[in-house]
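The data block below is target-v6.tsv; it holds TSV, C-alpha atoms.
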```
chain	number	residue	atom	x	y	z
A	1	MET	CA	7.02	29.12	10.44
A	2	GLU	CA	6.16	27.12	7.31
A	3	GLU	CA	4.46	23.82	8.02
A	4	ILE	CA	5.93	20.55	6.78
A	5	PRO	CA	3.07	18.26	5.73
A	6	LEU	CA	3.09	14.47	5.90
A	7	VAL	CA	2.94	14.49	2.09
A	8	ASP	CA	3.03	17.51	-0.23
A	9	LEU	CA	0.93	16.96	-3.35
A	10	LYS	CA	1.06	20.67	-4.21
A	11	ALA	CA	4.84	20.53	-4.51
A	12	GLN	CA	4.64	17.53	-6.82
A	13	TYR	CA	2.07	19.20	-9.06
A	14	ALA	CA	4.10	22.42	-9.20
A	15	ALA	CA	7.17	20.47	-10.31
A	16	HIS	CA	5.34	18.61	-13.10
A	17	ARG	CA	2.45	20.94	-13.93
A	18	GLN	CA	3.16	21.08	-17.66
A	19	ALA	CA	3.07	17.31	-18.23
A	20	ILE	CA	0.04	16.79	-16.01
A	21	ASP	CA	-1.94	19.68	-17.49
A	22	ALA	CA	-1.18	18.44	-21.00
A	23	ALA	CA	-2.47	14.97	-20.12
A	24	ILE	CA	-5.71	16.36	-18.69
A	25	ALA	CA	-6.19	18.67	-21.65
A	26	ARG	CA	-5.69	15.78	-24.06
A	27	VAL	CA	-8.54	13.81	-22.47
A	28	LEU	CA	-10.81	16.85	-22.33
A	29	GLY	CA	-10.07	17.42	-25.98
A	30	HIS	CA	-11.01	13.96	-27.24
A	31	THR	CA	-13.74	13.40	-24.55
A	32	GLY	CA	-12.98	9.67	-24.32
A	33	PHE	CA	-13.51	9.57	-20.57
A	34	ILE	CA	-14.18	5.84	-20.10
A	35	GLY	CA	-11.68	3.25	-21.32
A	36	GLY	CA	-10.01	3.84	-24.66
A	37	PRO	CA	-6.39	4.56	-25.58
A	38	GLU	CA	-5.48	6.43	-22.37
A	39	VAL	CA	-6.31	3.42	-20.22
A	40	ARG	CA	-4.67	0.94	-22.59
A	41	ALA	CA	-1.50	3.03	-22.79
A	42	PHE	CA	-1.20	3.29	-19.02
A	43	GLU	CA	-1.91	-0.42	-18.53
A	44	GLU	CA	0.87	-1.31	-20.95
A	45	ALA	CA	3.30	1.16	-19.38
A	46	PHE	CA	2.59	0.08	-15.82
A	47	ALA	CA	2.87	-3.62	-16.67
A	48	ALA	CA	6.24	-2.92	-18.28
A	49	TYR	CA	7.36	-0.92	-15.25
A	50	GLN	CA	6.32	-3.60	-12.74
A	51	GLY	CA	7.68	-6.40	-14.93
A	52	THR	CA	4.43	-8.31	-15.40
A	53	ARG	CA	2.70	-9.50	-18.55
A	54	ARG	CA	-0.47	-7.59	-17.81
A	55	ALA	CA	-1.83	-4.67	-15.82
A	56	VAL	CA	-5.60	-4.10	-15.66
A	57	GLY	CA	-6.71	-0.63	-14.61
A	58	VAL	CA	-9.55	-0.51	-12.09
A	59	ALA	CA	-11.37	2.07	-10.01
A	60	SER	CA	-9.35	1.76	-6.78
A	61	GLY	CA	-6.96	-0.41	-4.84
A	62	THR	CA	-9.91	-1.88	-2.97
A	63	ALA	CA	-11.54	-2.79	-6.28
A	64	ALA	CA	-8.27	-4.42	-7.35
A	65	ILE	CA	-8.33	-6.76	-4.34
A	66	PHE	CA	-12.03	-7.48	-4.76
A	67	LEU	CA	-11.74	-8.33	-8.45
A	68	ILE	CA	-8.72	-10.59	-7.90
A	69	LEU	CA	-10.62	-12.53	-5.23
A	70	ARG	CA	-13.75	-12.68	-7.36
A	71	ALA	CA	-11.83	-13.86	-10.42
A	72	LEU	CA	-10.08	-16.54	-8.38
A	73	GLY	CA	-13.45	-17.88	-7.26
A	74	ILE	CA	-13.18	-17.00	-3.57
A	75	ARG	CA	-16.56	-17.93	-2.09
A	76	PRO	CA	-18.48	-17.66	1.18
A	77	GLY	CA	-16.74	-19.67	3.88
A	78	ASP	CA	-13.32	-19.61	2.20
A	79	GLU	CA	-10.43	-18.40	4.36
A	80	VAL	CA	-7.64	-16.05	3.35
A	81	ILE	CA	-4.64	-15.52	5.62
A	82	THR	CA	-3.51	-11.92	5.99
A	83	THR	CA	-2.20	-9.35	8.47
A	84	PRO	CA	-4.09	-7.37	11.11
A	85	HIS	CA	-1.67	-4.44	10.72
A	86	THR	CA	-2.97	-2.75	7.59
A	87	PHE	CA	-5.73	-0.49	6.32
A	88	ILE	CA	-9.19	-2.04	6.40
A	89	ALA	CA	-9.38	-2.06	2.58
A	90	THR	CA	-7.23	-5.21	2.66
A	91	VAL	CA	-10.07	-7.25	4.15
A	92	GLU	CA	-13.24	-5.40	3.10
A	93	PRO	CA	-13.38	-7.28	-0.23
A	94	LEU	CA	-13.12	-10.60	1.60
A	95	ILE	CA	-16.05	-9.70	3.82
A	96	ALA	CA	-18.06	-8.53	0.81
A	97	LEU	CA	-17.59	-11.94	-0.81
A	98	GLY	CA	-18.58	-13.80	2.35
A	99	ALA	CA	-15.06	-15.08	2.87
A	100	TRP	CA	-13.22	-15.06	6.19
A	101	PRO	CA	-9.98	-13.18	6.93
A	102	VAL	CA	-7.65	-15.21	9.13
A	103	PHE	CA	-5.09	-12.97	10.79
A	104	VAL	CA	-1.47	-13.85	11.46
A	105	ASP	CA	0.76	-11.61	13.56
A	106	ILE	CA	3.48	-9.42	12.10
A	107	ASP	CA	7.26	-9.44	12.21
A	108	PRO	CA	7.87	-6.69	14.80
A	109	ALA	CA	10.92	-5.40	12.91
A	110	THR	CA	9.36	-4.95	9.47
A	111	TYR	CA	5.63	-4.77	10.37
A	112	ASN	CA	4.85	-7.27	7.60
A	113	LEU	CA	3.11	-10.63	7.82
A	114	ASP	CA	5.36	-13.11	9.67
A	115	PRO	CA	5.82	-16.23	7.49
A	116	ASP	CA	6.91	-18.27	10.50
A	117	GLN	CA	3.36	-18.09	11.87
A	118	ILE	CA	1.42	-18.82	8.68
A	119	GLU	CA	1.31	-22.60	8.66
A	120	ALA	CA	-0.30	-22.76	12.10
A	121	ALA	CA	-3.22	-20.73	10.68
A	122	ILE	CA	-3.89	-22.97	7.65
A	123	THR	CA	-7.09	-25.03	7.74
A	124	PRO	CA	-8.96	-27.10	5.14
A	125	ARG	CA	-10.88	-23.90	4.25
A	126	THR	CA	-7.78	-21.84	3.47
A	127	ARG	CA	-7.66	-20.75	-0.17
A	128	ALA	CA	-5.06	-17.99	-0.28
A	129	ILE	CA	-2.41	-15.96	1.53
A	130	MET	CA	-2.52	-12.17	1.12
A	131	PRO	CA	0.62	-10.41	2.40
A	132	VAL	CA	0.67	-6.61	2.50
A	133	HIS	CA	3.87	-4.85	1.46
A	134	LEU	CA	3.39	-2.28	4.19
A	135	TYR	CA	4.94	1.19	4.13
A	136	GLY	CA	6.66	0.35	0.83
A	137	GLN	CA	8.73	-2.62	2.06
A	138	MET	CA	7.97	-6.03	0.64
A	139	ALA	CA	7.12	-9.02	2.79
A	140	ARG	CA	9.33	-12.16	2.84
A	141	MET	CA	7.83	-13.43	-0.39
A	142	ASP	CA	10.20	-16.37	-0.88
A	143	ALA	CA	9.16	-17.91	2.44
A	144	ILE	CA	5.47	-17.12	1.83
A	145	LEU	CA	5.53	-18.68	-1.65
A	146	ASP	CA	7.26	-21.78	-0.30
A	147	ILE	CA	4.43	-22.28	2.20
A	148	ALA	CA	1.81	-21.58	-0.47
A	149	ARG	CA	3.27	-24.17	-2.85
A	150	ARG	CA	3.35	-26.86	-0.16
A	151	HIS	CA	-0.32	-26.25	0.66
A	152	ASN	CA	-1.56	-25.44	-2.87
A	153	LEU	CA	-2.64	-21.91	-1.97
A	154	ALA	CA	-2.83	-18.80	-4.12
A	155	VAL	CA	-0.71	-15.79	-3.11
A	156	ILE	CA	-2.25	-12.37	-3.65
A	157	GLU	CA	-0.01	-9.34	-3.08
A	158	ASP	CA	-1.53	-6.24	-1.54
A	159	ALA	CA	0.99	-3.87	-3.11
A	160	ALA	CA	-1.00	-0.69	-2.54
A	161	GLN	CA	2.03	0.99	-0.94
A	162	ALA	CA	4.81	-0.72	-2.89
A	163	HIS	CA	5.04	0.75	-6.41
A	164	GLY	CA	8.53	-0.17	-7.59
A	165	ALA	CA	9.60	-1.94	-4.37
A	166	THR	CA	11.81	-5.01	-4.79
A	167	TYR	CA	12.75	-8.10	-2.80
A	168	ARG	CA	15.65	-10.28	-3.90
A	169	GLY	CA	15.69	-8.47	-7.23
A	170	LYS	CA	12.01	-8.97	-8.07
A	171	ARG	CA	9.43	-6.25	-7.95
A	172	ALA	CA	6.12	-6.27	-6.15
A	173	GLY	CA	3.61	-7.91	-8.46
A	174	GLN	CA	6.07	-10.48	-9.81
A	175	TRP	CA	5.64	-12.99	-6.98
A	176	GLY	CA	2.01	-13.94	-6.47
A	177	VAL	CA	-0.73	-14.95	-8.87
A	178	ALA	CA	-1.75	-11.28	-8.90
A	179	ALA	CA	-1.02	-8.00	-7.12
A	180	ALA	CA	-3.33	-5.13	-6.22
A	181	PHE	CA	-2.05	-1.57	-6.55
A	182	SER	CA	-3.70	1.62	-5.32
A	183	PHE	CA	-3.18	5.02	-6.94
A	184	TYR	CA	-4.81	6.97	-4.13
A	185	PRO	CA	-3.44	10.54	-4.41
A	186	GLY	CA	-0.89	10.20	-1.60
A	187	LYS	CA	0.70	6.99	-2.93
A	188	ASN	CA	4.19	6.97	-4.48
A	189	LEU	CA	2.36	6.96	-7.83
A	190	GLY	CA	-0.88	8.79	-7.15
A	191	ALA	CA	-3.86	9.78	-9.25
A	192	TYR	CA	-6.04	12.84	-8.69
A	193	GLY	CA	-8.84	10.72	-7.27
A	194	ASP	CA	-9.37	7.01	-6.69
A	195	ALA	CA	-7.68	4.58	-9.08
A	196	GLY	CA	-6.01	1.18	-9.00
A	197	ALA	CA	-4.61	-1.69	-11.03
A	198	VAL	CA	-4.11	-5.44	-10.97
A	199	CYS	CA	-0.77	-6.79	-12.15
A	200	THR	CA	-0.43	-10.44	-13.17
A	201	ASP	CA	1.36	-12.81	-15.53
A	202	ASP	CA	-1.84	-14.84	-15.99
A	203	ASP	CA	-3.57	-13.73	-19.18
A	204	ALA	CA	-6.77	-15.63	-18.41
A	205	LEU	CA	-6.99	-14.03	-14.96
A	206	ALA	CA	-6.33	-10.58	-16.43
A	207	ASP	CA	-9.04	-11.08	-19.05
A	208	GLU	CA	-11.54	-12.16	-16.39
A	209	ILE	CA	-10.74	-9.14	-14.22
A	210	ALA	CA	-11.08	-6.85	-17.24
A	211	ARG	CA	-14.50	-8.34	-17.91
A	212	LEU	CA	-15.64	-8.16	-14.29
A	213	ARG	CA	-14.61	-4.49	-13.92
A	214	ASP	CA	-16.85	-3.59	-16.88
A	215	HIS	CA	-20.20	-5.15	-15.95
A	216	GLY	CA	-19.22	-8.59	-17.24
A	217	ARG	CA	-19.40	-7.50	-20.86
A	218	ALA	CA	-18.76	-9.86	-23.73
A	219	SER	CA	-19.71	-7.02	-26.11
A	220	LYS	CA	-21.31	-3.62	-25.54
A	221	TYR	CA	-24.77	-4.97	-24.64
A	222	GLU	CA	-24.00	-8.63	-24.06
A	223	HIS	CA	-23.02	-9.59	-20.52
A	224	ALA	CA	-21.39	-12.98	-20.05
A	225	VAL	CA	-21.30	-12.79	-16.25
A	226	ILE	CA	-22.55	-10.50	-13.50
A	227	GLY	CA	-19.86	-7.86	-13.15
A	228	TYR	CA	-19.27	-4.48	-11.55
A	229	GLY	CA	-18.67	-0.84	-12.42
A	230	GLU	CA	-15.02	-0.72	-11.33
A	231	ARG	CA	-13.29	0.79	-14.36
A	232	LEU	CA	-10.27	3.09	-14.35
A	233	ASP	CA	-11.35	6.32	-16.01
A	234	ALA	CA	-9.32	7.94	-18.75
A	235	LEU	CA	-8.53	11.15	-16.89
A	236	GLN	CA	-6.88	9.22	-14.06
A	237	ALA	CA	-5.09	6.94	-16.54
A	238	ALA	CA	-3.71	9.96	-18.41
A	239	ILE	CA	-2.51	11.60	-15.19
A	240	LEU	CA	-0.88	8.38	-14.03
A	241	GLY	CA	0.75	7.95	-17.43
A	242	ALA	CA	2.20	11.45	-17.18
A	243	LYS	CA	3.58	10.75	-13.71
A	244	LEU	CA	4.93	7.22	-14.25
A	245	PRO	CA	8.23	8.28	-15.94
A	246	TYR	CA	9.18	10.11	-12.73
A	247	LEU	CA	8.43	7.25	-10.33
A	248	ASP	CA	11.94	5.79	-10.15
A	249	ALA	CA	13.40	9.23	-9.37
A	250	TRP	CA	10.71	9.84	-6.75
A	251	ASN	CA	11.41	6.49	-5.11
A	252	ALA	CA	15.14	7.20	-5.11
A	253	ALA	CA	14.45	10.54	-3.42
A	254	ARG	CA	12.35	8.80	-0.77
A	255	ARG	CA	15.21	6.37	-0.10
A	256	ARG	CA	17.66	9.28	0.29
A	257	ILE	CA	15.32	11.02	2.73
A	258	ALA	CA	14.78	7.80	4.65
A	259	ALA	CA	18.54	7.25	4.88
A	260	ALA	CA	19.00	10.80	6.20
A	261	TYR	CA	16.30	10.26	8.81
A	262	THR	CA	17.76	6.92	9.90
A	263	ALA	CA	21.29	8.32	10.21
A	264	ALA	CA	20.02	11.23	12.31
A	265	LEU	CA	17.74	9.18	14.52
A	266	ARG	CA	19.73	5.98	14.99
A	267	ASP	CA	21.31	7.09	18.26
A	268	LEU	CA	18.40	9.19	19.54
A	269	PRO	CA	17.18	7.69	22.83
A	270	GLY	CA	13.57	6.59	22.73
A	271	VAL	CA	13.39	6.27	18.93
A	272	ILE	CA	13.60	3.10	16.84
A	273	PRO	CA	14.01	3.80	13.10
A	274	PRO	CA	12.51	1.34	10.59
A	275	ALA	CA	14.41	-1.84	9.82
A	276	THR	CA	15.13	-3.04	6.28
A	277	LEU	CA	14.58	-6.70	5.44
A	278	PRO	CA	17.76	-8.29	3.99
A	279	GLY	CA	17.40	-8.42	0.22
A	280	ALA	CA	14.70	-5.73	0.16
A	281	GLU	CA	14.77	-2.31	-1.46
A	282	PRO	CA	11.86	-0.37	0.06
A	283	VAL	CA	10.25	2.65	-1.54
A	284	TYR	CA	9.22	4.32	1.75
A	285	HIS	CA	5.62	5.20	1.10
A	286	ILE	CA	5.68	5.79	4.87
A	287	TYR	CA	8.72	6.42	7.08
A	288	CYS	CA	7.60	4.92	10.37
A	289	ILE	CA	9.54	5.13	13.63
A	290	ARG	CA	8.66	3.66	17.02
A	291	VAL	CA	8.53	5.59	20.28
A	292	GLU	CA	7.43	4.77	23.82
A	293	ALA	CA	3.72	3.95	23.84
A	294	ALA	CA	2.99	6.06	26.92
A	295	ARG	CA	4.41	9.16	25.21
A	296	ARG	CA	3.48	8.56	21.56
A	297	ASP	CA	0.31	10.64	21.47
A	298	ARG	CA	1.94	13.54	23.33
A	299	ILE	CA	4.86	13.43	20.90
A	300	LEU	CA	2.45	13.50	17.96
A	301	ALA	CA	0.51	16.46	19.37
A	302	ALA	CA	3.71	18.37	20.13
A	303	LEU	CA	5.02	17.82	16.58
A	304	HIS	CA	1.75	19.14	15.20
A	305	GLU	CA	2.10	22.23	17.41
A	306	ARG	CA	5.47	22.81	15.75
A	307	GLY	CA	4.06	22.49	12.24
A	308	ILE	CA	5.32	18.96	11.59
A	309	GLY	CA	2.64	16.84	9.86
A	310	ALA	CA	3.36	13.50	11.51
A	311	GLY	CA	0.75	10.73	11.58
A	312	ILE	CA	-0.03	7.16	12.69
A	313	HIS	CA	-0.32	4.26	10.23
A	314	TYR	CA	-2.29	2.53	11.78
A	315	PRO	CA	-3.56	3.22	15.32
A	316	LEU	CA	-6.00	0.29	15.66
A	317	PRO	CA	-5.30	-3.22	14.34
A	318	LEU	CA	-8.00	-4.79	12.19
A	319	HIS	CA	-8.88	-7.49	14.71
A	320	LEU	CA	-9.86	-4.73	17.18
A	321	GLN	CA	-11.87	-2.65	14.71
A	322	PRO	CA	-15.56	-2.32	15.72
A	323	ALA	CA	-16.63	-3.25	12.18
A	324	LEU	CA	-14.79	-6.58	12.46
A	325	GLU	CA	-15.89	-7.50	15.97
A	326	PHE	CA	-17.91	-10.38	14.50
A	327	LEU	CA	-14.64	-12.19	13.68
A	328	GLY	CA	-14.33	-12.95	17.38
A	329	ALA	CA	-10.73	-11.84	17.93
A	330	ARG	CA	-9.73	-10.32	21.27
A	331	ARG	CA	-7.13	-7.91	22.54
A	332	GLY	CA	-3.90	-9.81	23.04
A	333	ASP	CA	-4.44	-12.23	20.15
A	334	PHE	CA	-1.80	-10.54	17.97
A	335	PRO	CA	0.62	-8.87	20.39
A	336	HIS	CA	3.17	-7.60	17.84
A	337	ALA	CA	0.50	-5.86	15.77
A	338	GLU	CA	-1.00	-4.35	18.91
A	339	ALA	CA	2.41	-3.16	20.13
A	340	ALA	CA	3.09	-1.56	16.77
A	341	ALA	CA	-0.25	0.25	16.82
A	342	ARG	CA	0.64	1.75	20.23
A	343	THR	CA	4.18	2.85	19.34
A	344	ILE	CA	4.44	3.75	15.64
A	345	LEU	CA	4.76	7.33	14.40
A	346	SER	CA	4.96	8.36	10.73
A	347	LEU	CA	7.27	11.25	9.83
A	348	PRO	CA	6.82	13.45	6.75
A	349	ILE	CA	8.31	11.99	3.59
A	350	TYR	CA	7.81	12.98	-0.04
A	351	PRO	CA	10.23	13.31	-2.97
A	352	GLU	CA	10.27	17.10	-2.93
A	353	MET	CA	11.43	17.35	0.72
A	354	THR	CA	14.55	19.42	1.10
A	355	GLU	CA	17.53	18.64	3.29
A	356	ALA	CA	16.57	21.64	5.42
A	357	GLN	CA	13.07	20.25	5.94
A	358	VAL	CA	14.42	16.86	7.00
A	359	GLU	CA	16.75	18.58	9.46
A	360	ARG	CA	13.86	20.61	10.83
A	361	VAL	CA	11.75	17.48	11.38
A	362	VAL	CA	14.65	15.81	13.20
A	363	ALA	CA	15.31	18.92	15.30
A	364	ALA	CA	11.63	19.18	16.21
A	365	LEU	CA	11.53	15.52	17.20
A	366	ARG	CA	14.61	15.93	19.40
A	367	GLU	CA	13.07	18.98	21.05
A	368	VAL	CA	9.74	17.24	21.60
A	369	LEU	CA	11.33	14.11	23.05
A	370	ALA	CA	13.32	16.22	25.51
A	371	ALA	CA	10.24	18.21	26.51
A	372	VAL	CA	8.06	15.13	26.92
A	373	SER	CA	10.77	13.39	28.97
A	374	THR	CA	11.02	16.43	31.26
A	375	ARG	CA	7.26	16.51	31.85
A	376	ALA	CA	7.22	12.77	32.47
```
Can the structure in the file be given as structure tokens, please?
Amino acid sequence: MEEIPLVDLKAQYAAHRQAIDAAIARVLGHTGFIGGPEVRAFEEAFAAYQGTRRAVGVASGTAAIFLILRALGIRPGDEVITTPHTFIATVEPLIALGAWPVFVDIDPATYNLDPDQIEAAITPRTRAIMPVHLYGQMARMDAILDIARRHNLAVIEDAAQAHGATYRGKRAGQWGVAAAFSFYPGKNLGAYGDAGAVCTDDDALADEIARLRDHGRASKYEHAVIGYGERLDALQAAILGAKLPYLDAWNAARRRIAAAYTAALRDLPGVIPPATLPGAEPVYHIYCIRVEAARRDRILAALHERGIGAGIHYPLPLHLQPALEFLGARRGDFPHAEAAARTILSLPIYPEMTEAQVERVVAALREVLAAVSTRA
């Protein structure tokens, strides 16, 4: 039986091969591999799509976060409030700059940073709040911005999974001082390698990030500041530019698939479908259900045996990662994040999924749940 992967990049390429191949051939033809018109064109198009004044292409989503923090002057000892339920790339740039991530627990319904717990974590060292729009659903940005304004803090959006997502009619990237986007291949808008962008309405901040990504250049061989080699290359920019016109349709397809999953799973015992924050329009980078912790790993293994490419995003919260042990957090410090890590299960979702494939995933999950319950 044909396998159903978690994400099918081959299907996407097959559907848009002509446009993507033409973009690659164009770059190979003019050999302008670093910077140039391909990067500028994509930056302009992505800024227009996200509704921000500027987009600055960079080498990855991690680089986007790092360069925002660096441009904002985050220094050793500064604190940034964020979530423990995310990929480690959210906090790696903080550690690299000598700053300190301060974790706040998540809303157990949406998995995003819980604004109601933020103020208790603010100290005189706090410089910024960095919510993550996890799985393609935006955090409660109105509440987060209200707290930030009262305490004179910057808000940085980790929008790596939220291309085109909206909350109360505003897109990711339109809320904070800047937003970091990743174009890792499996993202809703994915490159064919690492790539990222910073979106902002602050021209001075955008100019500083553009300078920092390119070795701090003032001109070709004059360097105004110490910078980094974190540029978006032209091949990735051209590929992203070819894909961008399809993003709204892809996101709409993800929402249709998510709605079909939710309708089919809503009354299935032992399964909790994802909740939608009032006022939010998610883009479902991940469709994440919750199952009983004691059975989750058996359910995952049984789905794999049936050719269903389910996954876990993410199985170990950041405060329990061995690499971050020096932060001093302990098991039990963030109970909602820890509960999510024990119970979440990601089902396949990608725009090219057929109705028959969705039905097969649901049928397999029903079968697995019944089998696991019998063995239990």
Fewer than 5 positions away in the same chain doesn't count, so skip those; otherwise give me all residues within 7 Å of Glu38 of chain A, counting only C-alpha atoms, as a PDB file with C-alpha atoms, in the coordinates of the input.
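Just written: out.pdb:
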```pdb
ATOM      1  CA  ALA A 234      -9.320   7.940 -18.750  1.00  0.00           C
ATOM      2  CA  ALA A 237      -5.090   6.940 -16.540  1.00  0.00           C
ATOM      3  CA  ALA A 238      -3.710   9.960 -18.410  1.00  0.00           C
TER       4      ALA A 238
END
```
As a compact mmCIF listing (two decimals) with C-alpha atoms, keeping the file's coordinate frame, please: the residues near Ala179 of chain A (cut-off 8 Å, all atoms listed in the file, same-chain neighbours under 6 positions excluded).
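Wrote around.txt, looks like this:
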```txt
# COMPACT_ATOMS: atom_id res chain seq x y z
CA ILE A 65 -8.33 -6.76 -4.34
CA ILE A 156 -2.25 -12.37 -3.65
CA GLU A 157 -0.01 -9.34 -3.08
CA ASP A 158 -1.53 -6.24 -1.54
CA ALA A 159 0.99 -3.87 -3.11
CA ALA A 172 6.12 -6.27 -6.15
CA GLY A 173 3.61 -7.91 -8.46
CA VAL A 198 -4.11 -5.44 -10.97
CA CYS A 199 -0.77 -6.79 -12.15
CA THR A 200 -0.43 -10.44 -13.17
```
Practice prompt. Could you pull out every residue with an atom within 12 Å of (-21.4, -15.1, -16.0), file coordinates, counting all atoms listed in the file, and send them as a list in words?
Written response: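 Residues satisfying the cut-off, written out: Arg70, Ala71, Glu208, Arg211, Leu212, His215, Gly216, Arg217, Ala218, Glu222, His223, Ala224, Val225, Ile226, Gly227 and Tyr228 of chain A.
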Practice prompt. Can you work out the spacing between atom CA of Ala143 of chain A and atom CA of Phe46 of chain A in Å, to one decimal?
Written response: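 Pair atom CA of Ala143 of chain A / atom CA of Phe46 of chain A returns 26.5 Å.
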Worksheet item: Of the candidates A:Met141, A:Val91, A:Ala341, A:Ala59, which shows the shortest atom-to-atom distance to Ala323 of chain A, using all atoms listed in the file?
Response: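 So, comparing all the options, the nearest one is A:Val91.
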Worksheet item: For the atom pair atom CA of Val80 of chain A and atom CA of Asp202 of chain A, what is the interatomic distance in Å to one decimal place?
Response: 20.2 Å
Worksheet item: Which one of A:Gly164, A:Pro335, A:Gly51, A:Gly307 sits closest to Pro108 of chain A if you count all atoms listed in the file?
Response: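 Closest residue, counting all atoms listed in the file: A:Pro335.
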Worksheet entry | Distance query segment 250-259 of chain A at most 12 Å, all atoms listed in the file, self and fewer than 3 positions along chain excluded, as a VMD selection string | chain A and resid 7 12 15 135 to 137 161 to 166 187 to 190 243 to 247 262 to 266 273 to 276 281 to 289 346 to 359 361 to 362
Worksheet entry | Top pick for closest residue to Tyr314 of chain A, considering A:Ala148, A:Ala337, A:Ala280, A:Met130 and counting only C-alpha atoms |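 Between A:Ala148, A:Ala337, A:Ala280, A:Met130, the residue approaching Tyr314 of chain A most closely is A:Ala337.
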Fill in: Surrounding residues of Ala301 of chain A excluding itself and chain neighbours under 3 positions, 12 Å, all atoms listed in the file, as a list in words
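Contacts, with the query itself left out: Arg295, Arg296, Asp297, Arg298, His304, Glu305, Arg306, Gly307, Ile308, Gly309, Ala310, Gly311, Ile312, Leu345, Ala364, Leu365, Val368, Leu369 and Val372 of chain A.
Atom CA of Asp233 of chain A to atom CA of Ala45 of chain A spans 15.9 Å [interatomic distance, one decimal].
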Item to complete: Find the residue from A:Ile239, A:Leu320, A:Glu367, A:Ile299 that sits nearest to Ile20 of chain A; use only C-alpha atoms when measuring.
Response: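 Of A:Ile239, A:Leu320, A:Glu367, A:Ile299, the one nearest Ile20 of chain A is A:Ile239, counting only C-alpha atoms.
Comparing A:Leu28, A:Val58, A:Leu327, A:Ile34 by their smallest distance to Ala206 of chain A, the closest is A:Val58 (using all atoms listed in the file).
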Fill in: Distance query Ile129 of chain A at most 7 Å, all atoms listed in the file, self and fewer than 4 positions along chain excluded, as an MDAnalysis selection string
chainID A and resid 80:82 153:156
